[in-house]
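Heads up: the structure comes next, in structure tokens.
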Amino acid sequence: MADESKFEQVKGNVKETVGNVTDNKDLEQEGQEDKASGKAKEITENAKDKANDLIDKLKK
């Protein structure tokens, strides 16, 4: 799943760059949204992993 969030961030970066170069504000905005969504997913995944690690430690 981490790969998906990273891919979404990269995809957003490409869209934002292309939108910026071509002066396409809609594409640029879409890219920014994709990057933010990917970053949010990454943060959520990291928090979930840390919580699961803590639960595993407490079970032992």
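Chain labels A, B, ... are given in the sequence in which chains occur in the structure tokens; within each chain residues are numbered consecutively from 1, and ligands are likewise numbered from 1 in the order shown.
Residues surrounding A:Val18 within 10 Å are A:Gly12, A:Asn24, A:Lys25, A:Leu27, A:Glu28, A:Gly31 [only C-alpha atoms; sequence separation below 6 positions excluded].
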Using all heavy atoms, can you write the selected residues to a file as a PDB file, in the first residue's frame?
```pdb
ATOM      1  N   GLY A  12       0.961  13.022  -8.887  1.00  0.00           N
ATOM      2  CA  GLY A  12       0.545  14.397  -8.619  1.00  0.00           C
ATOM      3  C   GLY A  12       1.626  15.399  -8.954  1.00  0.00           C
ATOM      4  O   GLY A  12       1.346  16.473  -9.500  1.00  0.00           O
ATOM      5  N   ASN A  24      -1.782  25.270 -17.405  1.00  0.00           N
ATOM      6  CA  ASN A  24      -3.090  24.643 -17.215  1.00  0.00           C
ATOM      7  C   ASN A  24      -3.344  24.586 -15.712  1.00  0.00           C
ATOM      8  O   ASN A  24      -2.885  23.679 -15.016  1.00  0.00           O
ATOM      9  CB  ASN A  24      -3.098  23.247 -17.845  1.00  0.00           C
ATOM     10  CG  ASN A  24      -4.422  22.543 -17.730  1.00  0.00           C
ATOM     11  OD1 ASN A  24      -5.224  22.818 -16.849  1.00  0.00           O
ATOM     12  ND2 ASN A  24      -4.655  21.613 -18.637  1.00  0.00           N
ATOM     13  N   LYS A  25      -4.059  25.557 -15.207  1.00  0.00           N
ATOM     14  CA  LYS A  25      -4.284  25.681 -13.762  1.00  0.00           C
ATOM     15  C   LYS A  25      -5.095  24.512 -13.207  1.00  0.00           C
ATOM     16  O   LYS A  25      -4.886  24.094 -12.063  1.00  0.00           O
ATOM     17  CB  LYS A  25      -4.975  27.004 -13.429  1.00  0.00           C
ATOM     18  CG  LYS A  25      -4.136  28.226 -13.789  1.00  0.00           C
ATOM     19  CD  LYS A  25      -2.820  28.233 -13.023  1.00  0.00           C
ATOM     20  CE  LYS A  25      -1.976  29.421 -13.395  1.00  0.00           C
ATOM     21  NZ  LYS A  25      -0.611  29.323 -12.924  1.00  0.00           N
ATOM     22  N   LEU A  27      -5.072  21.333 -14.269  1.00  0.00           N
ATOM     23  CA  LEU A  27      -4.177  20.181 -14.152  1.00  0.00           C
ATOM     24  C   LEU A  27      -3.196  20.392 -12.994  1.00  0.00           C
ATOM     25  O   LEU A  27      -2.906  19.463 -12.240  1.00  0.00           O
ATOM     26  CB  LEU A  27      -3.414  19.950 -15.458  1.00  0.00           C
ATOM     27  CG  LEU A  27      -2.550  18.694 -15.529  1.00  0.00           C
ATOM     28  CD1 LEU A  27      -3.394  17.437 -15.308  1.00  0.00           C
ATOM     29  CD2 LEU A  27      -1.837  18.621 -16.871  1.00  0.00           C
ATOM     30  N   GLU A  28      -2.724  21.597 -12.855  1.00  0.00           N
ATOM     31  CA  GLU A  28      -1.810  21.922 -11.759  1.00  0.00           C
ATOM     32  C   GLU A  28      -2.500  21.687 -10.411  1.00  0.00           C
ATOM     33  O   GLU A  28      -1.922  21.081  -9.497  1.00  0.00           O
ATOM     34  CB  GLU A  28      -1.361  23.377 -11.879  1.00  0.00           C
ATOM     35  CG  GLU A  28      -0.278  23.775 -10.931  1.00  0.00           C
ATOM     36  CD  GLU A  28       0.211  25.203 -11.162  1.00  0.00           C
ATOM     37  OE1 GLU A  28      -0.146  25.828 -12.176  1.00  0.00           O
ATOM     38  OE2 GLU A  28       0.962  25.687 -10.298  1.00  0.00           O
ATOM     39  N   GLY A  31      -2.946  18.014  -9.710  1.00  0.00           N
ATOM     40  CA  GLY A  31      -1.679  17.448  -9.272  1.00  0.00           C
ATOM     41  C   GLY A  31      -1.412  17.725  -7.805  1.00  0.00           C
ATOM     42  O   GLY A  31      -0.964  16.850  -7.060  1.00  0.00           O
TER      43      GLY A  31
END
```
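Here atom CA of A:Gln29 and atom CA of A:Glu4 stand 20.0 Å from one another.
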Nearby residues (only C-alpha atoms) at most 12 Å from A:Val14, same-chain spacing under 2 positions excluded, as a PyMOL selection string: chain A and resi 7-12+16-21+27-35
Gap from atom CA of A:Lys6 to atom CA of A:Lys48 - Å, one decimal: 16.4 Å
Point-to-point distance from atom CA of A:Asp26 to atom CA of A:Lys41, Å rounded to tenths: 22.5 Å
